[in-house]
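Step one of this worksheet: look at the structure below.
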Amino acid sequence: MTIFTTHPTLRWSAPVAAAVLLGGGGMALRSASATGAADLQPLTAKQLLVKVQQARVEGLSGTIVENADLGLPALPISGGGSGSSKLSSLLSGSHTMRVWTDGSERIRLSLLGTLGESDVIRNGNDVWLWSSADHSATHLTLPDRGGAPGGGHMRMPAPSGMAMTPQQLATHFLSAVKPSTKVTTNNTTTVAGRSAYELVLSPRSSGSLISSVRIAVDGTTHVPLRVQVLSTKATKPAFEVAFSSVDFGKPDAAQFRFNPPPGTKVERQRLSGLTMRGMPGGHAASHPNPMAQLKKGAVGKHGAATMPGARPQIVGSGWTSVVKVPMSSQMLKGLGGSHGAKGPGPGGESISAAQFLRNLPHVNGAWGSGRLLQSNVVSALLTDSGTLYVGAVTPKVLYAAAGK
């Protein structure tokens with residue numbers, strides 16, 4: 001067992017690091033009128049933020065294109081490659097997803113690949129996770145809240161806490177910024193054939209690998225249509241999620257009904273005592289990632305599951321926040337083994353997590369020594385003493401966190 005098995009969320013840390021690590025931040029508004037589209041009324045940043053917060057859309061369907069150019073080395077995880085239907089492939093290349101929503105209790109996301117697809121479907125209290133490539137499905141049953149069918153205030157998470165739509169990613173950024181962030185409006189733009197405003201979030205302090213986050217907001221519904229994460233190391237977006245087409249009408253109810261194909265291996269789980277964060281159109285609730293609780297043992301098959309690993313801690317705040325993860329002995333033992341997740345080596349051969357780790361540069365300082373991974377938007381440090389530090393920050397910030 002490797003770290004990628006025991007803590008699958010680390011697989012997604014690169015594309016969502018900025019969203020997750022802004023938890024201690026906040027916003028300071030600077031007014032600037034949007035210009036460039038005759039059909040849109042000029043709005044200040046504050047006015048536009050209010051409209052985004054008040055936006056309510058009952059129905060929506062569309063096609064989403066995700067592009068990732070993170071500058072990561074080849075990672076030892078399965079399902080990579082452009083066009084793959086495996087969720088792990090979202091770390092690089094371009095991918096296409098379809099989304100359907102009808103209120104907060106009927107939601108479907110489909111990641112389309114050349115050889116299959118992966119789906120996340122919620123219909124009331126039923127949630128299905130489906131992989132055509134693996135011929136497997138997980139059926140989650142959500143608990144009732146206040147006696148209301150579908151759970152009332154409950155929302156469905158994305159797999160492994162990953163933000164997969166413009167609405168989800170925008171919600172992460174906009175709900176987690178404070179005075180460490182400058183928020184302005186830029187010129188208006190066009191996304192999926194629709195006129196849109198653009199919000200620009202920028203860090204006020206140095207040390208972040210993110211230069212800005214740009215959120216395109218639909219001029220009529222005020223729903224986020226595109227989110228771009230720009231790195232200090234590159235001119236084009238390191239990560240982008242955008243609608244290529246969108247329809248704000250209610251989709252057919254058949255889109256939310258799922259029957260496992262013959263021969264599908266089905267795992268059934270029941271969630272209890274959880275409140276979830278929304279998919280498109282949803283609102284934040286008390287627990288952002290029930291899938292994380294599943295891994296930590298709060299949920300499992302028929303209500304019981306356990307997973308090793310210490311609770312992560314946050315060091316610092318705002319754009320320079322760092323996640324500190326004390327590694328369990330089992331996780332460290334897995335990293336040292338030859339089994340587990342595989343990935344392409346320099347010559348295209350498969351390498352284990354241990355080999356991948358050994359290929360990373362060895363660094364040292366007053367804080368100790370360890371292995372360093374760098375990309376355009378995220379850095380990770382695994383110390384020789386067994387602690388992992390991850391952030392959308394420069395190595396210098398990681399070293400400072402490791403020295404505390």
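So you can find residues: chains in the structure tokens are A, B, ... in the order shown, residues in each start at 1, and ligands are numbered from 1 in order.
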For this session: May I have the residues within 8 Å of His135 (chain A) as a list in words, using only C-alpha atoms and disregarding those fewer than 2 positions away in the same chain?
Result: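 Answer for this query is Trp130, Ser131, Ser132, Ala133, Ala137, Gly263, Thr264 and Lys265 of chain A.
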Write the selection just made, keeping C-alpha atoms, as a PDB file, in the first residue's frame?
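See part33.pdb below for the written result:
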```pdb
ATOM      1  CA  TRP A 130     -19.488   4.524 -11.992  1.00  0.00           C
ATOM      2  CA  SER A 131     -16.369   3.576 -13.998  1.00  0.00           C
ATOM      3  CA  SER A 132     -16.948   1.896 -17.329  1.00  0.00           C
ATOM      4  CA  ALA A 133     -13.228   1.109 -17.653  1.00  0.00           C
ATOM      5  CA  ALA A 137     -19.846   1.030  -9.385  1.00  0.00           C
ATOM      6  CA  GLY A 263     -21.522  -7.804 -15.016  1.00  0.00           C
ATOM      7  CA  THR A 264     -20.831  -4.633 -13.033  1.00  0.00           C
ATOM      8  CA  LYS A 265     -19.206  -5.106  -9.621  1.00  0.00           C
TER       9      LYS A 265
END
```
Exercise. So which one's closest to Ile215 (chain A), A:Ser202, A:Thr63, A:Asn123, A:Gln228? Using only C-alpha atoms, please.
Worked result: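 Among A:Ser202, A:Thr63, A:Asn123, A:Gln228, it is A:Gln228 that comes nearest to Ile215 (chain A).
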For this session: Show which residues sit within 8 Å of Gly249 (chain A), as a ChimeraX atom specification. Count only C-alpha atoms, and ignore same-chain residues fewer than 3 positions away.
Result: /A:59-61
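Near region 91-100 of chain A, within 6 Å and counting only C-alpha atoms, sit Leu60, Ser61, Gly62, Thr63, Ile64, Val65, Glu66, Asn67, Ala68, Asp69, Ser82, Gly83, Ile107, Arg108, Leu109, Ser110, Leu111 and Leu112 of chain A; same-chain residues fewer than 3 positions away were not included.
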For this session: Quick one: everything within 10 Å of Ser205 (chain A), counting only C-alpha atoms, minus sequence neighbours fewer than 4 positions away in the same chain. Send it as a list in words.
Result: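 Final neighbour list, sorted by chain and number: Ser180, Thr181, Gly318, Trp319 and Thr320 of chain A.
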Problem set entry | Spatial neighbours of region 360-365 of chain A, 10 Å, only C-alpha atoms, chain gap at least 6 places, as number ranges by chain | A: 73, 371-374, 381-384, 399-400, 402-403
Selected residues, N, CA and C atoms, written as a JSON list (two decimals), in the first residue's frame, please.
```json
[["chain", "number", "residue", "atom", "x", "y", "z"],
["A", 73, "PRO", "N", 6.06, 16.42, -12.90],
["A", 73, "PRO", "CA", 6.74, 15.24, -13.45],
["A", 73, "PRO", "C", 5.74, 14.10, -13.58],
["A", 371, "ARG", "N", 12.82, 15.10, 0.32],
["A", 371, "ARG", "CA", 12.66, 15.10, -1.13],
["A", 371, "ARG", "C", 11.67, 16.19, -1.53],
["A", 372, "LEU", "N", 11.97, 16.89, -2.64],
["A", 372, "LEU", "CA", 11.17, 18.04, -3.07],
["A", 372, "LEU", "C", 10.56, 17.80, -4.45],
["A", 373, "LEU", "N", 9.25, 18.02, -4.56],
["A", 373, "LEU", "CA", 8.56, 18.01, -5.85],
["A", 373, "LEU", "C", 8.11, 19.43, -6.15],
["A", 374, "GLN", "N", 8.36, 19.89, -7.38],
["A", 374, "GLN", "CA", 7.96, 21.23, -7.78],
["A", 374, "GLN", "C", 7.16, 21.18, -9.08],
["A", 381, "LEU", "N", 7.02, 18.72, -0.13],
["A", 381, "LEU", "CA", 8.24, 18.32, 0.55],
["A", 381, "LEU", "C", 7.94, 17.16, 1.47],
["A", 382, "LEU", "N", 8.62, 16.04, 1.26],
["A", 382, "LEU", "CA", 8.51, 14.90, 2.17],
["A", 382, "LEU", "C", 9.83, 14.80, 2.92],
["A", 383, "THR", "N", 9.78, 15.11, 4.22],
["A", 383, "THR", "CA", 11.01, 15.11, 5.00],
["A", 383, "THR", "C", 11.44, 13.69, 5.33],
["A", 384, "ASP", "N", 12.73, 13.53, 5.58],
["A", 384, "ASP", "CA", 13.26, 12.22, 5.95],
["A", 384, "ASP", "C", 12.71, 11.75, 7.29],
["A", 399, "TYR", "N", 9.99, 25.18, 3.32],
["A", 399, "TYR", "CA", 11.08, 25.02, 4.28],
["A", 399, "TYR", "C", 10.79, 25.77, 5.58],
["A", 400, "ALA", "N", 10.19, 26.97, 5.46],
["A", 400, "ALA", "CA", 9.85, 27.74, 6.65],
["A", 400, "ALA", "C", 8.80, 27.01, 7.47],
["A", 402, "ALA", "N", 8.34, 23.75, 7.53],
["A", 402, "ALA", "CA", 8.99, 22.56, 8.10],
["A", 402, "ALA", "C", 9.86, 22.92, 9.30],
["A", 403, "GLY", "N", 10.31, 24.16, 9.38],
["A", 403, "GLY", "CA", 11.17, 24.58, 10.47],
["A", 403, "GLY", "C", 10.40, 25.02, 11.71]]
```
Exercise. Which residues come within 12 Å of Val223 (chain A), counting only C-alpha atoms, excluding same-chain residues fewer than 2 positions away, as a ChimeraX atom specification?
Worked result: /A:48-60,165-171,191,194-198,215-221,225-227,242-243,246-248,280-282
For the selection you just gave me, I'd like the residues written to a file as a CSV table (one decimal), in the first residue's frame, keeping N, CA and C atoms.
```
chain,number,residue,atom,x,y,z
A,48,LEU,N,-20.5,42.6,-8.2
A,48,LEU,CA,-20.5,41.3,-8.9
A,48,LEU,C,-20.4,40.2,-8.0
A,49,LEU,N,-19.6,40.3,-6.9
A,49,LEU,CA,-19.6,39.3,-5.9
A,49,LEU,C,-20.9,39.0,-5.2
A,50,VAL,N,-21.7,40.1,-5.0
A,50,VAL,CA,-23.0,39.9,-4.4
A,50,VAL,C,-23.9,39.1,-5.4
A,51,LYS,N,-23.8,39.4,-6.6
A,51,LYS,CA,-24.7,38.8,-7.6
A,51,LYS,C,-24.3,37.3,-7.8
A,52,VAL,N,-23.0,37.0,-7.7
A,52,VAL,CA,-22.6,35.6,-7.7
A,52,VAL,C,-23.1,34.8,-6.5
A,53,GLN,N,-23.0,35.5,-5.3
A,53,GLN,CA,-23.5,34.8,-4.1
A,53,GLN,C,-25.0,34.6,-4.1
A,54,GLN,N,-25.8,35.4,-4.8
A,54,GLN,CA,-27.2,35.3,-4.8
A,54,GLN,C,-27.7,34.5,-6.0
A,55,ALA,N,-26.8,34.1,-6.9
A,55,ALA,CA,-27.3,33.4,-8.1
A,55,ALA,C,-27.9,32.1,-7.7
A,56,ARG,N,-29.1,31.8,-8.4
A,56,ARG,CA,-29.8,30.5,-8.2
A,56,ARG,C,-30.3,30.0,-9.5
A,57,VAL,N,-29.8,28.8,-9.8
A,57,VAL,CA,-30.2,28.2,-11.1
A,57,VAL,C,-30.8,26.8,-10.8
A,58,GLU,N,-32.0,26.6,-11.2
A,58,GLU,CA,-32.7,25.3,-10.9
A,58,GLU,C,-32.2,24.2,-11.9
A,59,GLY,N,-32.1,24.6,-13.1
A,59,GLY,CA,-31.7,23.6,-14.1
A,59,GLY,C,-30.5,24.0,-14.9
A,60,LEU,N,-29.6,23.0,-15.3
A,60,LEU,CA,-28.4,23.4,-16.1
A,60,LEU,C,-27.9,22.1,-16.8
A,165,THR,N,-16.1,21.4,-11.7
A,165,THR,CA,-16.9,22.3,-12.5
A,165,THR,C,-16.5,23.8,-12.2
A,166,PRO,N,-16.8,24.7,-13.1
A,166,PRO,CA,-16.5,26.1,-12.8
A,166,PRO,C,-17.2,26.6,-11.5
A,167,GLN,N,-18.4,26.1,-11.3
A,167,GLN,CA,-19.1,26.5,-10.0
A,167,GLN,C,-18.4,26.1,-8.8
A,168,GLN,N,-18.0,24.8,-8.8
A,168,GLN,CA,-17.3,24.2,-7.6
A,168,GLN,C,-16.0,25.0,-7.3
A,169,LEU,N,-15.2,25.1,-8.4
A,169,LEU,CA,-13.9,25.7,-8.2
A,169,LEU,C,-14.0,27.2,-7.8
A,170,ALA,N,-15.0,27.9,-8.4
A,170,ALA,CA,-15.2,29.3,-8.0
A,170,ALA,C,-15.6,29.4,-6.6
A,171,THR,N,-16.5,28.5,-6.1
A,171,THR,CA,-17.0,28.5,-4.8
A,171,THR,C,-15.8,28.3,-3.8
A,191,VAL,N,-17.8,33.4,-23.0
A,191,VAL,CA,-17.6,32.0,-22.7
A,191,VAL,C,-18.8,31.2,-23.1
A,194,ARG,N,-21.6,33.2,-24.5
A,194,ARG,CA,-22.4,34.1,-23.6
A,194,ARG,C,-21.5,35.2,-23.1
A,195,SER,N,-22.0,36.4,-23.0
A,195,SER,CA,-21.3,37.5,-22.4
A,195,SER,C,-21.1,37.3,-20.9
A,196,ALA,N,-19.9,37.6,-20.5
A,196,ALA,CA,-19.6,37.3,-19.1
A,196,ALA,C,-18.7,38.4,-18.5
A,197,TYR,N,-18.8,38.7,-17.2
A,197,TYR,CA,-17.9,39.5,-16.5
A,197,TYR,C,-16.7,38.7,-16.1
A,198,GLU,N,-15.6,39.3,-15.6
A,198,GLU,CA,-14.5,38.6,-15.1
A,198,GLU,C,-14.0,39.2,-13.8
A,215,ILE,N,-12.1,34.4,-12.8
A,215,ILE,CA,-13.4,33.8,-12.8
A,215,ILE,C,-14.4,34.5,-13.7
A,216,ALA,N,-14.8,33.9,-14.8
A,216,ALA,CA,-15.7,34.4,-15.7
A,216,ALA,C,-17.2,34.1,-15.2
A,217,VAL,N,-18.0,35.2,-15.1
A,217,VAL,CA,-19.3,35.1,-14.5
A,217,VAL,C,-20.3,35.5,-15.6
A,218,ASP,N,-21.3,34.6,-15.8
A,218,ASP,CA,-22.3,34.8,-16.8
A,218,ASP,C,-23.1,36.1,-16.5
A,219,GLY,N,-23.2,36.9,-17.6
A,219,GLY,CA,-23.8,38.2,-17.4
A,219,GLY,C,-25.3,38.2,-17.1
A,220,THR,N,-26.0,37.1,-17.4
A,220,THR,CA,-27.4,37.1,-17.1
A,220,THR,C,-27.7,36.3,-15.8
A,221,THR,N,-27.2,35.1,-15.7
A,221,THR,CA,-27.5,34.3,-14.5
A,221,THR,C,-26.6,34.5,-13.4
A,225,LEU,N,-18.8,30.6,-15.3
A,225,LEU,CA,-18.7,29.8,-16.5
A,225,LEU,C,-17.3,29.3,-16.8
A,226,ARG,N,-16.3,29.9,-16.1
A,226,ARG,CA,-14.9,29.6,-16.4
A,226,ARG,C,-14.1,30.0,-15.2
A,227,VAL,N,-13.1,29.1,-14.8
A,227,VAL,CA,-12.1,29.5,-13.8
A,227,VAL,C,-10.7,29.2,-14.4
A,242,ALA,N,-13.8,25.2,-17.9
A,242,ALA,CA,-14.7,26.2,-18.6
A,242,ALA,C,-15.8,25.4,-19.4
A,243,PHE,N,-17.0,26.0,-19.4
A,243,PHE,CA,-18.1,25.5,-20.2
A,243,PHE,C,-17.7,25.9,-21.7
A,246,VAL,N,-23.5,25.6,-22.8
A,246,VAL,CA,-24.3,25.5,-21.5
A,246,VAL,C,-25.8,25.9,-21.9
A,247,ASP,N,-26.7,25.2,-21.2
A,247,ASP,CA,-28.1,25.4,-21.3
A,247,ASP,C,-28.7,25.5,-19.9
A,248,PHE,N,-29.5,26.6,-19.6
A,248,PHE,CA,-30.0,26.8,-18.3
A,248,PHE,C,-31.4,26.3,-18.2
A,280,PRO,N,-22.7,21.5,-8.7
A,280,PRO,CA,-23.2,22.8,-9.4
A,280,PRO,C,-24.5,23.3,-8.8
A,281,GLY,N,-24.5,24.5,-8.3
A,281,GLY,CA,-25.7,25.1,-7.8
A,281,GLY,C,-25.9,24.9,-6.3
A,282,GLY,N,-25.0,24.1,-5.7
A,282,GLY,CA,-25.1,23.8,-4.3
A,282,GLY,C,-24.5,24.9,-3.4
```
For this session: Take CA of Val266 (chain A) and CA of Thr141 (chain A) and report the distance between them in Å, one decimal.
Result: 13.1 Å
Problem set entry | Selected residue, from A:Val325, A:Ala401, A:Asn186, A:Trp367, that lies nearest to Leu388 (chain A) when counting only C-alpha atoms | A:Val325
Exercise. Smallest atom-to-atom distance to Gly103 (chain A): which of A:Leu357, A:Ala253, A:Val183, A:Val120, using only C-alpha atoms?
Worked result: A:Ala253
